[in-house]
Each structure stands twice: as structure tokens, then as C-alpha cells.
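Heads up, target_11.csv below (CSV, C-alpha atoms and all ligand atoms):
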chain,number,residue,atom,x,y,z
A,22,MET,CA,-18.9,-10.6,-5.8
A,23,SER,CA,-15.7,-8.5,-5.9
A,24,THR,CA,-13.1,-7.3,-3.4
A,25,ILE,CA,-13.3,-3.6,-2.8
A,26,LEU,CA,-10.1,-1.8,-3.5
A,27,ASP,CA,-10.1,0.4,-0.4
A,28,GLY,CA,-8.2,3.5,-1.5
A,29,LYS,CA,-9.1,5.3,1.7
A,30,LYS,CA,-7.5,2.6,3.9
A,31,ILE,CA,-4.4,2.3,1.7
A,32,ALA,CA,-3.9,6.0,1.4
A,33,GLU,CA,-4.2,6.3,5.3
A,34,MET,CA,-1.6,3.6,5.6
A,35,ARG,CA,0.8,5.3,3.2
A,36,LEU,CA,0.4,8.7,4.7
A,37,GLU,CA,1.3,7.2,8.1
A,38,LEU,CA,4.4,5.6,6.6
A,39,LEU,CA,5.3,8.9,4.9
A,40,LYS,CA,4.9,10.8,8.2
A,41,GLU,CA,7.3,8.4,9.9
A,42,LYS,CA,9.8,8.7,7.1
A,43,ILE,CA,9.7,12.5,7.2
A,44,GLU,CA,10.2,12.5,10.9
A,45,GLU,CA,13.1,10.0,10.8
A,46,GLN,CA,14.9,11.8,8.0
A,47,GLY,CA,14.5,15.2,9.5
A,48,LEU,CA,13.2,16.5,6.2
A,49,TYR,CA,10.9,19.5,6.1
A,50,PRO,CA,9.2,19.3,2.7
A,51,ARG,CA,7.1,22.2,1.6
A,52,LEU,CA,4.4,22.3,-1.0
A,53,ALA,CA,2.9,25.5,-2.5
A,54,THR,CA,-0.5,25.5,-4.1
A,55,VAL,CA,-1.7,28.2,-6.5
A,56,ILE,CA,-5.4,28.7,-7.1
A,57,ALA,CA,-7.1,31.4,-9.2
A,58,GLY,CA,-10.8,32.1,-8.7
A,59,SER,CA,-13.3,30.7,-6.3
A,60,ASP,CA,-14.5,27.5,-7.9
A,61,PRO,CA,-15.9,25.6,-4.9
A,62,ALA,CA,-14.6,22.1,-6.1
A,63,SER,CA,-11.1,23.5,-6.7
A,64,GLN,CA,-11.1,25.2,-3.3
A,65,MET,CA,-12.2,22.0,-1.7
A,66,TYR,CA,-9.4,20.0,-3.4
A,67,VAL,CA,-6.8,22.5,-2.4
A,68,LEU,CA,-8.0,22.4,1.2
A,69,MET,CA,-7.8,18.6,1.2
A,70,LYS,CA,-4.2,18.8,0.0
A,71,HIS,CA,-3.3,21.3,2.7
A,72,LYS,CA,-4.9,19.1,5.3
A,73,ALA,CA,-2.9,16.1,4.1
A,74,CYS,CA,0.3,18.1,4.3
A,75,GLU,CA,-0.4,19.0,7.9
A,76,ARG,CA,-1.1,15.4,8.7
A,77,VAL,CA,2.2,14.1,7.4
A,78,GLY,CA,4.5,17.0,8.4
A,79,ILE,CA,4.8,18.8,5.0
A,80,GLY,CA,4.7,22.5,5.3
A,81,SER,CA,2.2,24.2,2.9
A,82,VAL,CA,1.7,27.6,1.5
A,83,GLY,CA,-1.4,28.6,-0.4
A,84,ILE,CA,-1.3,31.4,-3.0
A,85,GLU,CA,-4.8,32.6,-3.8
A,86,LEU,CA,-5.3,34.7,-6.9
A,87,SER,CA,-8.5,36.4,-8.0
A,88,GLY,CA,-10.5,34.9,-10.8
A,89,GLU,CA,-9.6,37.9,-13.0
A,90,THR,CA,-5.8,37.4,-12.8
A,91,PRO,CA,-4.3,37.4,-16.3
A,92,THR,CA,-1.8,34.8,-17.5
A,93,GLN,CA,1.2,37.0,-16.5
A,94,GLY,CA,-0.1,37.3,-12.9
A,95,VAL,CA,-0.3,33.5,-12.5
A,96,LEU,CA,3.2,33.2,-14.2
A,97,ASP,CA,4.6,35.7,-11.7
A,98,ALA,CA,3.3,33.7,-8.8
A,99,VAL,CA,4.7,30.5,-10.2
A,100,ASN,CA,8.1,32.1,-10.9
A,101,ARG,CA,8.4,33.4,-7.3
A,102,LEU,CA,7.8,29.9,-6.1
A,103,ASN,CA,10.3,28.5,-8.6
A,104,ARG,CA,12.9,30.8,-7.1
A,105,ASP,CA,12.0,30.1,-3.5
A,106,PRO,CA,14.5,27.6,-2.1
A,107,ASP,CA,12.1,26.7,0.7
A,108,ILE,CA,9.5,25.5,-1.7
A,109,ASN,CA,10.0,21.9,-2.9
A,110,GLY,CA,6.8,21.3,-4.8
A,111,ILE,CA,4.4,23.5,-6.7
A,112,LEU,CA,0.8,22.5,-7.5
A,113,VAL,CA,-1.3,24.8,-9.8
A,114,GLN,CA,-4.9,23.8,-9.2
A,115,LEU,CA,-6.6,23.2,-12.5
A,116,PRO,CA,-8.8,24.3,-14.2
A,117,LEU,CA,-7.5,27.9,-14.3
A,118,PRO,CA,-9.9,30.7,-15.3
A,119,ARG,CA,-10.7,30.9,-19.0
A,120,GLN,CA,-8.5,34.0,-19.7
A,121,VAL,CA,-5.4,32.2,-18.4
A,122,GLU,CA,-3.2,30.3,-20.8
A,123,THR,CA,-3.0,27.0,-18.9
A,124,LYS,CA,-0.3,25.5,-21.1
A,125,ARG,CA,2.1,28.4,-20.4
A,126,VAL,CA,1.5,28.2,-16.7
A,127,VAL,CA,2.0,24.4,-16.6
A,128,GLU,CA,5.2,24.8,-18.6
A,129,ALA,CA,6.5,27.5,-16.2
A,130,VAL,CA,6.7,25.2,-13.2
A,131,ARG,CA,10.3,24.1,-12.7
A,132,PRO,CA,10.4,20.4,-13.5
A,133,GLU,CA,12.2,19.6,-10.2
A,134,LYS,CA,9.2,21.1,-8.4
A,135,ASP,CA,6.5,19.6,-10.7
A,136,VAL,CA,5.0,17.3,-8.1
A,137,ASP,CA,1.7,17.2,-10.1
A,138,GLY,CA,3.6,15.7,-13.1
A,139,TYR,CA,2.0,17.7,-15.8
A,140,HIS,CA,5.1,19.5,-17.2
A,141,PRO,CA,6.2,18.3,-20.6
A,142,VAL,CA,9.6,17.2,-19.1
A,143,SER,CA,7.8,15.1,-16.5
A,144,LEU,CA,5.5,13.6,-19.1
A,145,GLY,CA,8.4,13.0,-21.5
A,146,LEU,CA,10.3,11.1,-18.7
A,147,LEU,CA,7.2,9.1,-18.0
A,148,PHE,CA,6.6,8.1,-21.6
A,149,SER,CA,10.3,7.3,-22.0
A,150,GLY,CA,9.9,4.7,-19.2
A,151,GLU,CA,11.9,6.6,-16.6
A,152,PRO,CA,9.3,8.7,-14.7
A,153,ARG,CA,10.4,11.3,-12.1
A,154,PHE,CA,7.0,12.7,-11.1
A,155,ALA,CA,4.1,10.9,-12.6
A,156,PRO,CA,0.7,12.6,-12.4
A,157,CYS,CA,-0.8,11.7,-9.0
A,158,THR,CA,-4.1,10.1,-10.0
A,159,PRO,CA,-2.7,7.4,-12.3
A,160,LYS,CA,0.4,6.9,-10.1
A,161,GLY,CA,-1.9,6.4,-7.1
A,162,ILE,CA,-3.9,3.8,-9.1
A,163,MET,CA,-0.6,1.9,-9.8
A,164,THR,CA,0.1,2.0,-6.1
A,165,LEU,CA,-3.4,0.7,-5.3
A,166,LEU,CA,-2.9,-2.2,-7.8
A,167,SER,CA,0.4,-3.0,-6.3
A,168,GLU,CA,-0.8,-2.9,-2.7
A,169,TYR,CA,-3.5,-5.5,-3.6
A,170,ARG,CA,-0.9,-7.6,-5.5
A,171,ILE,CA,-2.7,-7.2,-8.8
A,172,VAL,CA,-0.4,-8.4,-11.5
A,173,THR,CA,-0.1,-6.0,-14.5
A,174,GLU,CA,2.6,-7.9,-16.3
A,175,GLY,CA,1.0,-9.4,-19.4
A,176,ALA,CA,-2.5,-8.2,-18.4
A,177,ARG,CA,-4.7,-6.7,-21.0
A,178,ALA,CA,-5.6,-3.2,-19.8
A,179,VAL,CA,-8.2,-0.8,-21.3
A,180,VAL,CA,-8.2,2.8,-20.3
A,181,ILE,CA,-11.3,4.9,-21.2
A,182,GLY,CA,-10.2,8.5,-21.5
A,183,ARG,CA,-7.2,10.1,-23.0
A,184,SER,CA,-6.7,13.3,-20.9
A,185,ILE,CA,-3.3,14.5,-20.1
A,186,ASP,CA,-3.9,14.3,-16.4
A,187,VAL,CA,-5.4,10.8,-16.2
A,188,GLY,CA,-5.9,8.7,-19.4
A,189,ARG,CA,-2.6,9.2,-21.2
A,190,PRO,CA,-0.3,9.0,-18.2
A,191,MET,CA,-2.3,6.0,-17.0
A,192,SER,CA,-1.6,4.2,-20.3
A,193,ALA,CA,2.1,5.0,-20.0
A,194,LEU,CA,2.4,3.7,-16.4
A,195,LEU,CA,0.6,0.5,-17.4
A,196,THR,CA,2.8,0.1,-20.4
A,197,ASN,CA,5.9,0.6,-18.2
A,198,ALA,CA,4.5,-2.1,-15.9
A,199,ASP,CA,4.3,-4.5,-18.8
A,200,ALA,CA,0.5,-4.5,-19.4
A,201,THR,CA,-0.8,-4.5,-23.0
A,202,VAL,CA,-2.8,-1.3,-23.1
A,203,THR,CA,-5.6,0.0,-25.2
A,204,VAL,CA,-6.7,3.6,-24.8
A,205,CYS,CA,-10.4,4.4,-25.7
A,206,HIS,CA,-12.1,7.8,-26.1
A,207,SER,CA,-15.2,9.4,-27.4
A,208,ARG,CA,-14.4,8.4,-31.0
A,209,THR,CA,-13.7,4.8,-30.2
A,210,LYS,CA,-15.9,2.4,-32.2
A,211,ASN,CA,-17.6,-0.5,-30.5
A,212,LEU,CA,-16.4,0.7,-27.0
A,213,ALA,CA,-18.0,-2.2,-25.2
A,214,GLU,CA,-16.2,-4.7,-27.4
A,215,GLU,CA,-12.9,-3.1,-26.3
A,216,THR,CA,-13.8,-2.9,-22.6
A,217,ARG,CA,-15.0,-6.5,-22.5
A,218,ARG,CA,-11.5,-7.6,-23.4
A,219,ALA,CA,-10.0,-5.9,-20.4
A,220,ASP,CA,-8.4,-7.8,-17.5
A,221,ILE,CA,-7.9,-4.3,-15.9
A,222,LEU,CA,-10.5,-1.7,-16.9
A,223,ILE,CA,-9.9,1.9,-15.9
A,224,SER,CA,-12.6,4.5,-16.5
A,225,ALA,CA,-11.7,8.2,-16.5
A,226,ILE,CA,-14.5,9.8,-18.5
A,227,GLY,CA,-16.6,11.9,-16.1
A,228,ARG,CA,-20.1,10.4,-16.9
A,229,ALA,CA,-22.2,8.9,-14.1
A,230,HIS,CA,-22.7,5.1,-14.3
A,231,PHE,CA,-21.5,5.0,-17.9
A,232,VAL,CA,-19.7,1.6,-17.5
A,233,THR,CA,-22.4,-1.0,-17.2
A,234,ALA,CA,-22.0,-4.7,-16.3
A,235,ASP,CA,-22.4,-5.8,-19.9
A,236,MET,CA,-19.2,-3.8,-20.7
A,237,VAL,CA,-17.1,-5.7,-18.2
A,238,LYS,CA,-15.4,-9.1,-18.5
A,239,PRO,CA,-16.3,-11.4,-15.5
A,240,GLY,CA,-13.3,-11.4,-13.2
A,241,ALA,CA,-11.9,-8.1,-14.4
A,242,VAL,CA,-10.3,-5.5,-12.1
A,243,VAL,CA,-12.3,-2.3,-12.4
A,244,ILE,CA,-10.9,1.1,-11.5
A,245,ASP,CA,-13.3,4.0,-11.4
A,246,VAL,CA,-11.6,7.5,-11.7
A,247,GLY,CA,-14.8,9.4,-12.4
A,248,ILE,CA,-16.3,11.9,-10.0
A,249,ASN,CA,-19.9,12.8,-10.9
A,250,GLN,CA,-22.9,14.2,-9.2
A,251,LEU,CA,-26.1,12.2,-9.5
A,252,ASP,CA,-29.2,13.0,-7.6
A,253,GLY,CA,-27.2,15.0,-5.1
A,254,LYS,CA,-24.8,12.1,-4.5
A,255,LEU,CA,-21.1,11.6,-5.6
A,256,VAL,CA,-20.8,8.7,-8.0
A,257,GLY,CA,-18.2,7.3,-10.3
A,258,ASP,CA,-18.3,6.4,-14.0
A,259,VAL,CA,-19.0,2.8,-13.2
A,260,ASP,CA,-22.4,1.3,-12.3
A,261,PHE,CA,-20.9,0.1,-9.1
A,262,ALA,CA,-24.0,-1.9,-7.8
A,263,HIS,CA,-24.1,-4.2,-10.8
A,264,VAL,CA,-20.4,-4.2,-11.9
A,265,LYS,CA,-19.3,-5.3,-8.4
A,266,GLU,CA,-21.2,-8.5,-8.9
A,267,ILE,CA,-19.0,-9.7,-11.7
A,268,ALA,CA,-15.6,-7.9,-11.2
A,269,SER,CA,-12.8,-9.5,-9.2
A,270,PHE,CA,-11.7,-6.2,-7.7
A,271,ILE,CA,-13.4,-2.8,-7.9
A,272,THR,CA,-12.8,0.7,-6.5
A,273,PRO,CA,-15.7,2.6,-4.8
A,274,VAL,CA,-16.5,6.3,-5.4
A,275,PRO,CA,-15.9,7.9,-3.0
A,276,GLY,CA,-13.1,6.2,-1.1
A,277,GLY,CA,-11.2,4.6,-4.0
A,278,VAL,CA,-9.0,6.6,-6.4
A,279,GLY,CA,-9.5,10.1,-4.8
A,280,PRO,CA,-7.6,9.4,-1.5
A,281,MET,CA,-4.8,7.7,-3.5
A,282,THR,CA,-4.4,10.9,-5.6
A,283,ILE,CA,-3.8,13.0,-2.5
A,284,ALA,CA,-1.4,10.5,-0.8
A,285,THR,CA,0.6,10.3,-4.1
A,286,LEU,CA,0.9,14.1,-4.1
A,287,MET,CA,2.4,13.9,-0.6
A,288,GLU,CA,4.8,11.2,-1.7
A,289,ASN,CA,5.9,13.2,-4.8
A,290,THR,CA,6.5,16.3,-2.6
A,291,CYS,CA,8.6,14.3,-0.2
A,292,THR,CA,10.6,12.9,-3.2
A,293,ALA,CA,11.1,16.4,-4.5
A,294,ALA,CA,12.4,17.5,-1.1
A,295,GLU,CA,14.8,14.5,-0.9
A,296,GLU,CA,16.1,15.2,-4.4
A,297,GLN,CA,16.6,18.9,-3.8
A,298,ALA,CA,18.3,18.2,-0.4
A,299,CYS,CA,20.8,15.9,-2.2
A,300,ARG,CA,21.5,18.5,-4.8
A,301,THR,CA,22.4,21.2,-2.2
A,302,VAL,CA,24.6,18.9,-0.1
B,1,LIG,N1,-10.4,10.7,-8.3
B,1,LIG,C1,-9.5,11.6,-8.7
B,1,LIG,O1,-8.6,11.9,-8.0
B,1,LIG,C2,-9.7,12.3,-10.0
B,1,LIG,C3,-8.6,13.0,-10.6
B,1,LIG,C4,-8.7,13.5,-11.9
B,1,LIG,C5,-10.0,13.4,-12.5
B,1,LIG,N2,-11.0,12.8,-11.9
B,1,LIG,C6,-12.3,12.6,-12.5
B,1,LIG,O2,-12.1,11.7,-13.6
B,1,LIG,C7,-13.0,12.0,-14.7
B,1,LIG,C8,-12.1,12.3,-15.9
B,1,LIG,O3,-11.3,13.3,-15.7
B,1,LIG,P1,-10.3,13.9,-16.9
B,1,LIG,O4,-9.7,15.1,-16.3
B,1,LIG,O5,-9.6,12.9,-17.5
B,1,LIG,O6,-11.5,14.4,-17.9
B,1,LIG,P2,-11.5,15.0,-19.3
B,1,LIG,O7,-10.2,15.8,-19.6
B,1,LIG,O8,-12.8,15.6,-19.6
B,1,LIG,O9,-11.4,13.7,-20.3
B,1,LIG,C9,-12.4,12.8,-20.4
B,1,LIG,C10,-12.0,11.7,-21.4
B,1,LIG,O10,-13.2,10.9,-21.5
B,1,LIG,C11,-13.4,10.6,-22.9
B,1,LIG,N3,-14.9,10.4,-23.1
B,1,LIG,C12,-15.9,11.3,-22.9
B,1,LIG,N4,-17.0,10.8,-23.2
B,1,LIG,C13,-16.8,9.5,-23.7
B,1,LIG,C14,-17.6,8.5,-24.2
B,1,LIG,N5,-18.9,8.6,-24.3
B,1,LIG,N6,-16.9,7.3,-24.6
B,1,LIG,C15,-15.6,7.2,-24.5
B,1,LIG,N7,-14.8,8.2,-24.0
B,1,LIG,C16,-15.4,9.3,-23.6
B,1,LIG,C17,-13.0,11.9,-23.6
B,1,LIG,O11,-12.7,11.6,-25.0
B,1,LIG,P3,-12.2,12.7,-26.0
B,1,LIG,O12,-10.7,12.8,-25.7
B,1,LIG,O13,-12.4,12.0,-27.3
B,1,LIG,O14,-13.0,13.9,-25.8
B,1,LIG,C18,-11.7,12.3,-22.8
B,1,LIG,O15,-10.6,11.6,-23.3
B,1,LIG,C19,-13.8,13.2,-14.2
B,1,LIG,O16,-15.0,12.8,-13.6
B,1,LIG,C20,-12.9,13.8,-13.1
B,1,LIG,O17,-13.6,14.6,-12.2
B,1,LIG,C21,-10.9,12.2,-10.7
Output the structure of this file as C-alpha cells.
Amino acid sequence: MSTILDGKKIAEMRLELLKEKIEEQGLYPRLATVIAGSDPASQMYVLMKHKACERVGIGSVGIELSGETPTQGVLDAVNRLNRDPDINGILVQLPLPRQVETKRVVEAVRPEKDVDGYHPVSLGLLFSGEPRFAPCTPKGIMTLLSEYRIVTEGARAVVIGRSIDVGRPMSALLTNADATVTVCHSRTKNLAEETRRADILISAIGRAHFVTADMVKPGAVVIDVGINQLDGKLVGDVDFAHVKEIASFITPVPGGVGPMTIATLMENTCTAAEEQACRTV
């Protein structure tokens, strides 16, 4: 029987600490979100981010663009926020509508304001071992591991998924934390053989209950990034009911990685505000 890694509780605790820090330092960080179109999931994520801002004392501005906005329209919005000295962090909610060139938009965000950590400069710093803003989901997972005193040094970590927002930066953060990392994806041969070797197994695939108990080494730490709908319920990539019987630690879905992602975005925004304040002094 495993210990539940309670992301909700840890995120609450960190948001409370951040609120105190913002008050003490007299900072007034400001985050701008940009959303194009009316995808309900994206709208819900943006709303949750604004609510978290309000909770900790971060000002937030929401730019809402129509789903028909061309690339240039999104770039114009980003550039206005880049120039605005009152905005410390910019988050472009992905995915953008099909006609928008996402890469150009991501690369347009000024690296100093790239609190989502997707700009090539942010990713380059992360992979060079000196991250400034690491993407919020993998960074939040590292925080969760650290809060539960889970040792990464020398651990064998397996990450399933190689996306730029989760899998790849997760592998870099674990490498930076001295784990020995294997990244698996849809072309990996004998996936279960790889996953069974993991002391720390992280699944970021997006397939309900894909990771079954026979894929997990007894005593492993299992982190479930997936968000999937199954029979009208939100579930992760991991078959939680069975895997929890053999893992040492496991994240639930919901209430595991998701809240840590939002708390990390708040922390990144605060860091951006601190850095920008130093530069203007
Ligand atoms: N909780 C949070 O805060 C949070 C944040 C971000 C994402 N998510 C969730 O995490 C999941 C992954 O997100 P993402 O953005 O990384 O997704 P993504 O861009 O679709 O990437 C999925 C990855 O999974 C791999 N994959 C797919 N099927 C596989 C299989 N059968 N065996 C092995 N690997 C397989 C893909 O391999 P290939 O590269 O070979 O195609 C790809 O690398 C989604 O459910 C998403 O909603 C949660």
C-alpha cells in the first residue's frame, strides 16, 4: 500500500507561503494570460490560473482573442505584453487554434517573462543545467518529490512521453537532480521492460489507465501526469487502484500533479517579478 503524494495539500501550502512572501516583500507581480478561441478545457485552465493569482496577491490580466485570430494577431497581443513594464509574466494558453503558428508565438514571448518555460532560451538553460523558468508541470513534480523527501540522486527514473511541455523537460530536471533517466515514447520497444526498472516512474501520455501494475516495480514512486476522461470521470494514465497496492508513493488524479502545476506558475511569476525589480533598481 502506497503513500499518496498529496499535490493539492502541498500546492495549498506553497501558495500560502508565496502569499506571505509577496506581502512581506511588497511585490506586486502581474501575470498576463493569452487565450484564443473558446475551447472549454483551455478556458477552465486559464480561469484556475487567474483564481490562483487572486489567492496569492498576483495581479492578472486576461487577453481573450477569437478563435479565428491569425498568427499576427496573437503575435501583436504578445508583443504588447512584452513591452508593458507592468506585466512580469506571460502565459499563452496552448493549444492555439490550428491556423496559428504556435512555434512563432512561443518564441515571441520575451524570455524574462516566459513563466511557462517553453521559450527555446528557457529550455536551453534548463538543458544546460541552469534553469531560469522550467515548465510548470515537470518543475511542480520535482517540488512534490522534494517535499516528500524522495531521493532522486542515483535513482533510476523512467519518463513515458517526450513532449516539449512535460516529458523532455521532466527528463532534464531529473538529470539535473542526478537521476539516471530513460525517456520512453510511442516507438519504445518493450515498454514494460523499461518501466519495470524504474525507481521513479513518470507517465505523461494521455491514455486512461495505460500503466498497469505489471509495468511497475514494487516499491517504485509513481507520478501520474495524465488527464483523461473515462466514463465521465477524470482519470490519469495509471491504473491507480491496482498500482497503489505495489508502489511506495503515488499521485492521485485529480489532486496530484495538476495543483502543483498551477502553484509552480505562481512561483515562476513571482520569480520573474523579483528579477525584473532587481534589474530596474
Ligand atoms: N496535470 C497537469 O498539470 C498536466 C499538464 C500537462 C499535460 N497534462 C496531461 O499529460 C498528458 C500528456 O500531455 P503532453 O502534453 O505531454 O501530451 P502529448 O504532447 O500528446 O505527448 C504524449 C507523449 O506520450 C507518448 N505516447 C503516446 N502513446 C504512447 C504509448 N502507447 N506508449 C508510449 N508512449 C506513448 C507520445 O509519444 P510520441 O512522441 O512517440 O508520439 C508523446 O511523447 C495528457 O493527458 C495531458 O492532458 C497534465
Would you mind listing the residues within 6 Å of ligand LIG 1 (chain B), counting only C-alpha atoms and all ligand atoms, as a list in words? Thr158, Ile181, Gly182, Arg183, Ser184, Asp186, Val187, Gly188, His206, Ser207, Arg208, Ala225, Ile226, Gly227, Val246, Gly247, Ile248, Asn249, Val278, Gly279 and Thr282 of chain A
Using all atoms listed in the file, what does the table of region 168-187 of chain A residues within 9 Å of region 197-202 of chain A look like, with each row giving the shortest atom pair and its distance in Å to one decimal, sorted by chain and ascending number, as a tab-separated table?
residue	atom	partner	partner_atom	distance
A:Val172	CA	A:Ala200	CA	8.9
A:Thr173	CA	A:Ala200	CA	5.2
A:Glu174	CA	A:Asp199	CA	4.5
A:Gly175	CA	A:Ala200	CA	4.9
A:Ala176	CA	A:Ala200	CA	4.9
A:Arg177	CA	A:Thr201	CA	4.9
A:Ala178	CA	A:Val202	CA	4.7
A:Val179	CA	A:Val202	CA	5.7
A:Val180	CA	A:Val202	CA	7.3
Next, the residues of the selection above should be written as a PDB file, keeping the file's coordinate frame with C-alpha atoms.
ATOM      1  CA  VAL A 172      -0.400  -8.400 -11.500  1.00  0.00           C
ATOM      2  CA  THR A 173      -0.100  -6.000 -14.500  1.00  0.00           C
ATOM      3  CA  GLU A 174       2.600  -7.900 -16.300  1.00  0.00           C
ATOM      4  CA  GLY A 175       1.000  -9.400 -19.400  1.00  0.00           C
ATOM      5  CA  ALA A 176      -2.500  -8.200 -18.400  1.00  0.00           C
ATOM      6  CA  ARG A 177      -4.700  -6.700 -21.000  1.00  0.00           C
ATOM      7  CA  ALA A 178      -5.600  -3.200 -19.800  1.00  0.00           C
ATOM      8  CA  VAL A 179      -8.200  -0.800 -21.300  1.00  0.00           C
ATOM      9  CA  VAL A 180      -8.200   2.800 -20.300  1.00  0.00           C
TER      10      VAL A 180
END
So which one's closest to Arg217 (chain A), A:Ala268, A:Ile171, A:Met281, A:Leu52? Using only C-alpha atoms, please. A:Ala268
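Coordinates place CA of Cys291 (chain A) at a distance of 17.9 Å from CA of Pro159 (chain A).
All residues that come within 8 Å of the coordinates (-9.0, 32.6, -16.5), counting only C-alpha atoms, are given as Ala57, Gly88, Glu89, Thr90, Pro91, Thr92, Leu117, Pro118, Arg119, Gln120, Val121 and Glu122 of chain A.
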Residues of the last selection are to be written out with C-alpha atoms, as a PDB file, keeping the file's coordinate frame.
ATOM      1  CA  ALA A  57      -7.100  31.400  -9.200  1.00  0.00           C
ATOM      2  CA  GLY A  88     -10.500  34.900 -10.800  1.00  0.00           C
ATOM      3  CA  GLU A  89      -9.600  37.900 -13.000  1.00  0.00           C
ATOM      4  CA  THR A  90      -5.800  37.400 -12.800  1.00  0.00           C
ATOM      5  CA  PRO A  91      -4.300  37.400 -16.300  1.00  0.00           C
ATOM      6  CA  THR A  92      -1.800  34.800 -17.500  1.00  0.00           C
ATOM      7  CA  LEU A 117      -7.500  27.900 -14.300  1.00  0.00           C
ATOM      8  CA  PRO A 118      -9.900  30.700 -15.300  1.00  0.00           C
ATOM      9  CA  ARG A 119     -10.700  30.900 -19.000  1.00  0.00           C
ATOM     10  CA  GLN A 120      -8.500  34.000 -19.700  1.00  0.00           C
ATOM     11  CA  VAL A 121      -5.400  32.200 -18.400  1.00  0.00           C
ATOM     12  CA  GLU A 122      -3.200  30.300 -20.800  1.00  0.00           C
TER      13      GLU A 122
END
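Residue nearest Val126 (chain A), chosen from A:Ile56, A:Glu151, A:Val82, A:Val242 and counting all atoms listed in the file: A:Ile56.
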Can you measure CA of Ile185 (chain A) to CA of Leu115 (chain A) for me? One decimal in Å is fine. 12.0 Å
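Atom to atom, CA of Gly110 (chain A) and CA of Gly80 (chain A) stand 10.4 Å apart.
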